[in-house]
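Inspection log for the structure reproduced underneath, given as structure tokens.
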Amino acid sequence: MLIRADKITKKYKSRRGDKKPFYALKNVSLEIEQGQTIGLLGESGSGKSTLGQIIVGLARADSGEIYYHDKKIAFPLKGEQRKKIQILFQHPEVSFNPMLPLKKSMEEPYRVCKKECSKQRLIEDIEKFGLHEEHLERRPGELSGGELQRAALARILVMEPEIIVLDEPTSMLDVITQAQIVQFLKEYQQRYETSYLFITHDRVLAEQICNQIYEIHEGKMI
């Protein structure tokens with residue numbers, strides 16, 4: 001088993017201001033095998049993004065455990081776990097420094113992985129995603145949402161992840177760009193047996209691309 005979430009609970013102070021806590025997740029469990037696309041389907045506020053953030057180490061669960069290759073992982077993720085467990089956000093701009101040209105942000109994962117980071121290597125890698133040399137000199141605010149999402153995906157794949165949490169990655173994109181991103185993810189998975197946790201509220205899309213779908217409602221699996 002590549003990833004297993006076991007009885008994850010996450011609570012916050014009540015939204016209503018009383019003493020009763022608000023449970024974003026309550027005893028939630030799921031499993032993801034290598035090469036699978038697992039869907040996590042739910043409405044806004046159902047807890048699905050919270051679970052994704054816990055899996056990638058961006059949030060800490062109040063109880064329950066996450067296992068990676070059957071070994072318990074700790075918060076925050078470190079070392080190989082930090083490289084191999086990645087997330088692609090709904091809003092790709094959060095992955096980039098708005099004050100820096102795209103080139104600076106794209107260089108970071110190469111340094112982390114101690115890979116060659118010449119300008120030619122960068123150009124060759126981003127061209128696989130329909131981006132070009134001129135995009136590297138622009139700041140994030142000068143790029144479209146689709147261009148930023150392609151850049152965010154290119155940046156993640158430098159790390160050669162085993163699993164990517166896809167948190168509504170296409171919901172802000174036009175239909176054509178959405179189809180391009182989904183097709184690339186399918187092809188990449190076939191080639192490298194990467195696993196995906198596909199978080200979405202779109203049942204039709206989930207049924208098209210997922211091997212199995214979990215449905216979450218008000219923090220509970222149903």
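Letters for chains follow the order of the structure tokens (A, B, ...), residue numbers begin at 1 for each chain, and ligand numbers begin at 1 in the order shown.
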Helix (DSSP H, G or I) positions in range 50-124 of chain A, given as a PyMOL selection string: chain A and resi 50-55+79-84+92-95+102-112+119-124
Lys71 in chain A surroundings by only C-alpha atoms, 12 Å radius, close-in-sequence under 2 positions cut, as a VMD selection string: chain A and resid 1 to 5 65 to 69 73 to 74 81
Could you take the residues named above and write them with all heavy atoms, as a compact mmCIF listing (two decimals), in the first residue's frame?
```txt
# COMPACT_ATOMS: atom_id res chain seq x y z
N MET A 1 0.84 -1.19 0.00
CA MET A 1 0.00 0.00 0.00
C MET A 1 0.88 1.25 0.00
O MET A 1 1.76 1.39 0.84
CB MET A 1 -0.91 0.00 1.23
CG MET A 1 -1.97 1.06 1.21
SD MET A 1 -3.12 0.88 -0.18
CE MET A 1 -3.79 -0.76 0.14
N LEU A 2 0.63 2.14 -0.94
CA LEU A 2 1.46 3.34 -1.02
C LEU A 2 1.12 4.34 0.08
O LEU A 2 2.00 4.79 0.83
CB LEU A 2 1.28 4.01 -2.39
CG LEU A 2 2.13 5.26 -2.63
CD1 LEU A 2 3.61 4.94 -2.56
CD2 LEU A 2 1.78 5.89 -3.97
N ILE A 3 -0.14 4.72 0.19
CA ILE A 3 -0.58 5.67 1.21
C ILE A 3 -1.83 5.12 1.90
O ILE A 3 -2.75 4.61 1.23
CB ILE A 3 -0.93 7.05 0.59
CG1 ILE A 3 0.34 7.80 0.23
CG2 ILE A 3 -1.77 7.89 1.55
CD1 ILE A 3 1.04 8.50 1.37
N ARG A 4 -1.85 5.23 3.21
CA ARG A 4 -3.05 4.84 3.96
C ARG A 4 -3.32 5.89 5.03
O ARG A 4 -2.44 6.20 5.84
CB ARG A 4 -2.87 3.46 4.61
CG ARG A 4 -4.05 3.02 5.44
CD ARG A 4 -3.99 1.51 5.71
NE ARG A 4 -2.79 1.12 6.43
CZ ARG A 4 -2.73 1.04 7.78
NH1 ARG A 4 -3.78 1.33 8.51
NH2 ARG A 4 -1.61 0.66 8.35
N ALA A 5 -4.52 6.43 5.01
CA ALA A 5 -4.97 7.34 6.06
C ALA A 5 -5.87 6.54 6.98
O ALA A 5 -6.84 5.91 6.52
CB ALA A 5 -5.74 8.51 5.46
N GLU A 65 -3.54 8.37 11.92
CA GLU A 65 -2.19 8.26 11.37
C GLU A 65 -2.23 8.21 9.85
O GLU A 65 -3.20 7.74 9.25
CB GLU A 65 -1.49 7.00 11.88
CG GLU A 65 -1.43 6.86 13.40
CD GLU A 65 -0.55 7.89 14.06
OE1 GLU A 65 0.23 8.57 13.36
OE2 GLU A 65 -0.62 8.01 15.31
N ILE A 66 -1.12 8.67 9.24
CA ILE A 66 -0.89 8.51 7.81
C ILE A 66 0.29 7.56 7.65
O ILE A 66 1.34 7.73 8.29
CB ILE A 66 -0.55 9.85 7.12
CG1 ILE A 66 -1.67 10.87 7.34
CG2 ILE A 66 -0.31 9.62 5.63
CD1 ILE A 66 -2.97 10.55 6.66
N TYR A 67 0.13 6.54 6.79
CA TYR A 67 1.19 5.57 6.54
C TYR A 67 1.63 5.68 5.08
O TYR A 67 0.80 5.77 4.17
CB TYR A 67 0.70 4.15 6.82
CG TYR A 67 0.36 3.91 8.27
CD1 TYR A 67 -0.91 4.19 8.76
CD2 TYR A 67 1.31 3.39 9.14
CE1 TYR A 67 -1.23 3.98 10.09
CE2 TYR A 67 1.00 3.16 10.48
CZ TYR A 67 -0.27 3.46 10.95
OH TYR A 67 -0.57 3.24 12.27
N TYR A 68 2.93 5.68 4.88
CA TYR A 68 3.53 5.74 3.55
C TYR A 68 4.43 4.53 3.40
O TYR A 68 5.36 4.34 4.18
CB TYR A 68 4.33 7.04 3.41
CG TYR A 68 5.16 7.19 2.16
CD1 TYR A 68 4.57 7.21 0.90
CD2 TYR A 68 6.55 7.33 2.23
CE1 TYR A 68 5.33 7.37 -0.24
CE2 TYR A 68 7.32 7.50 1.10
CZ TYR A 68 6.71 7.52 -0.13
OH TYR A 68 7.47 7.68 -1.27
N HIS A 69 4.12 3.66 2.43
CA HIS A 69 4.79 2.36 2.31
C HIS A 69 4.73 1.60 3.64
O HIS A 69 5.72 1.01 4.09
CB HIS A 69 6.24 2.53 1.86
CG HIS A 69 6.37 2.94 0.42
ND1 HIS A 69 5.95 2.15 -0.63
CD2 HIS A 69 6.89 4.07 -0.14
CE1 HIS A 69 6.20 2.77 -1.78
NE2 HIS A 69 6.75 3.94 -1.51
N ILE A 73 4.15 8.15 9.12
CA ILE A 73 4.89 9.36 8.82
C ILE A 73 4.50 10.46 9.80
O ILE A 73 3.39 10.51 10.30
CB ILE A 73 4.68 9.83 7.37
CG1 ILE A 73 3.21 10.13 7.07
CG2 ILE A 73 5.22 8.80 6.39
CD1 ILE A 73 2.98 10.64 5.65
N ALA A 74 5.48 11.33 10.08
CA ALA A 74 5.30 12.37 11.08
C ALA A 74 5.10 13.72 10.41
O ALA A 74 5.46 13.93 9.26
CB ALA A 74 6.52 12.41 12.01
N GLN A 81 10.27 11.79 1.91
CA GLN A 81 8.81 11.90 1.98
C GLN A 81 8.35 13.25 1.44
O GLN A 81 7.34 13.34 0.75
CB GLN A 81 8.34 11.72 3.42
CG GLN A 81 8.54 10.32 3.96
CD GLN A 81 8.17 10.20 5.42
OE1 GLN A 81 7.84 11.20 6.07
NE2 GLN A 81 8.22 9.00 5.95
```
Point-to-point distance in Å for CA of Gly145 in chain A and CA of Ser105 in chain A: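 That distance, rounded to one decimal, is 16.2 Å.
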Of the listed residues A:Lys19, A:Lys103, A:Lys128, A:Lys13, that which approaches Leu153 in chain A most closely, counting only C-alpha atoms: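 Closest to Leu153 in chain A of all the choices is A:Lys128.
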DSSP strand (DSSP E) residues within range 11-213 of chain A, listed as an MDAnalysis selection string: chainID A and resid 11:12 22:32 37:41 63:68 71:72 85:88 163:167 195:200 212:213
Convert the current residue selection to file output with C-alpha atoms, as an mmCIF file, in the first residue's frame.
```cif
data_model
loop_
_atom_site.group_PDB
_atom_site.id
_atom_site.type_symbol
_atom_site.label_atom_id
_atom_site.label_comp_id
_atom_site.auth_asym_id
_atom_site.auth_seq_id
_atom_site.Cartn_x
_atom_site.Cartn_y
_atom_site.Cartn_z
ATOM 1 C CA LYS A 11 -11.187 19.744 14.618
ATOM 2 C CA TYR A 12 -11.246 23.526 15.009
ATOM 3 C CA PHE A 22 -16.146 22.007 14.618
ATOM 4 C CA TYR A 23 -14.981 18.722 13.069
ATOM 5 C CA ALA A 24 -13.479 19.165 9.608
ATOM 6 C CA LEU A 25 -12.759 15.408 9.569
ATOM 7 C CA LYS A 26 -13.998 12.651 11.854
ATOM 8 C CA ASN A 27 -12.464 9.160 11.768
ATOM 9 C CA VAL A 28 -11.762 9.287 8.036
ATOM 10 C CA SER A 29 -9.820 6.460 6.393
ATOM 11 C CA LEU A 30 -8.753 5.731 2.811
ATOM 12 C CA GLU A 31 -6.124 3.756 0.897
ATOM 13 C CA ILE A 32 -4.181 4.480 -2.292
ATOM 14 C CA THR A 37 -6.210 7.430 -9.166
ATOM 15 C CA ILE A 38 -8.455 7.644 -6.123
ATOM 16 C CA GLY A 39 -11.244 10.207 -6.129
ATOM 17 C CA LEU A 40 -12.324 12.161 -3.062
ATOM 18 C CA LEU A 41 -15.713 13.623 -3.884
ATOM 19 C CA SER A 63 -5.813 12.002 15.869
ATOM 20 C CA GLY A 64 -5.232 9.146 13.457
ATOM 21 C CA GLU A 65 -2.195 8.260 11.374
ATOM 22 C CA ILE A 66 -0.888 8.508 7.811
ATOM 23 C CA TYR A 67 1.195 5.572 6.536
ATOM 24 C CA TYR A 68 3.530 5.741 3.546
ATOM 25 C CA LYS A 71 5.464 3.197 7.718
ATOM 26 C CA LYS A 72 3.935 5.861 9.936
ATOM 27 C CA ILE A 85 4.383 13.283 -1.636
ATOM 28 C CA GLN A 86 3.315 16.434 -3.494
ATOM 29 C CA ILE A 87 0.208 18.592 -3.958
ATOM 30 C CA LEU A 88 -1.182 20.558 -6.901
ATOM 31 C CA ILE A 163 1.819 10.436 -5.184
ATOM 32 C CA ILE A 164 0.272 13.795 -6.049
ATOM 33 C CA VAL A 165 -2.736 15.195 -4.232
ATOM 34 C CA LEU A 166 -4.712 16.992 -6.943
ATOM 35 C CA ASP A 167 -6.830 19.508 -5.043
ATOM 36 C CA SER A 195 -0.618 7.688 -7.807
ATOM 37 C CA TYR A 196 -3.156 10.505 -7.560
ATOM 38 C CA LEU A 197 -5.654 11.550 -4.927
ATOM 39 C CA PHE A 198 -8.092 13.516 -7.054
ATOM 40 C CA ILE A 199 -10.098 15.928 -4.882
ATOM 41 C CA THR A 200 -13.164 17.292 -6.642
ATOM 42 C CA GLN A 212 -12.237 4.250 -7.111
ATOM 43 C CA ILE A 213 -14.158 7.106 -5.476
#
```
Distance criterion (only C-alpha atoms): nearest to Asn97 in chain A out of A:His132, A:His217, A:Lys115, A:Arg138: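 Distance minimum relative to Asn97 in chain A lands on A:Arg138.
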Please build the interface table for range 6-66 of chain A against range 185-194 of chain A with a cut-off of 9 Å, listing for each qualifying residue the nearest atom pair and the distance in Å to one decimal; count only C-alpha atoms, order rows by chain and increasing number, and write it as JSON lines.
```
{"residue": "A:Gln34", "atom": "CA", "partner": "A:Glu193", "partner_atom": "CA", "distance": 6.3}
{"residue": "A:Gly35", "atom": "CA", "partner": "A:Glu193", "partner_atom": "CA", "distance": 4.2}
{"residue": "A:Gln36", "atom": "CA", "partner": "A:Thr194", "partner_atom": "CA", "distance": 7.4}
{"residue": "A:Thr37", "atom": "CA", "partner": "A:Thr194", "partner_atom": "CA", "distance": 8.7}
```
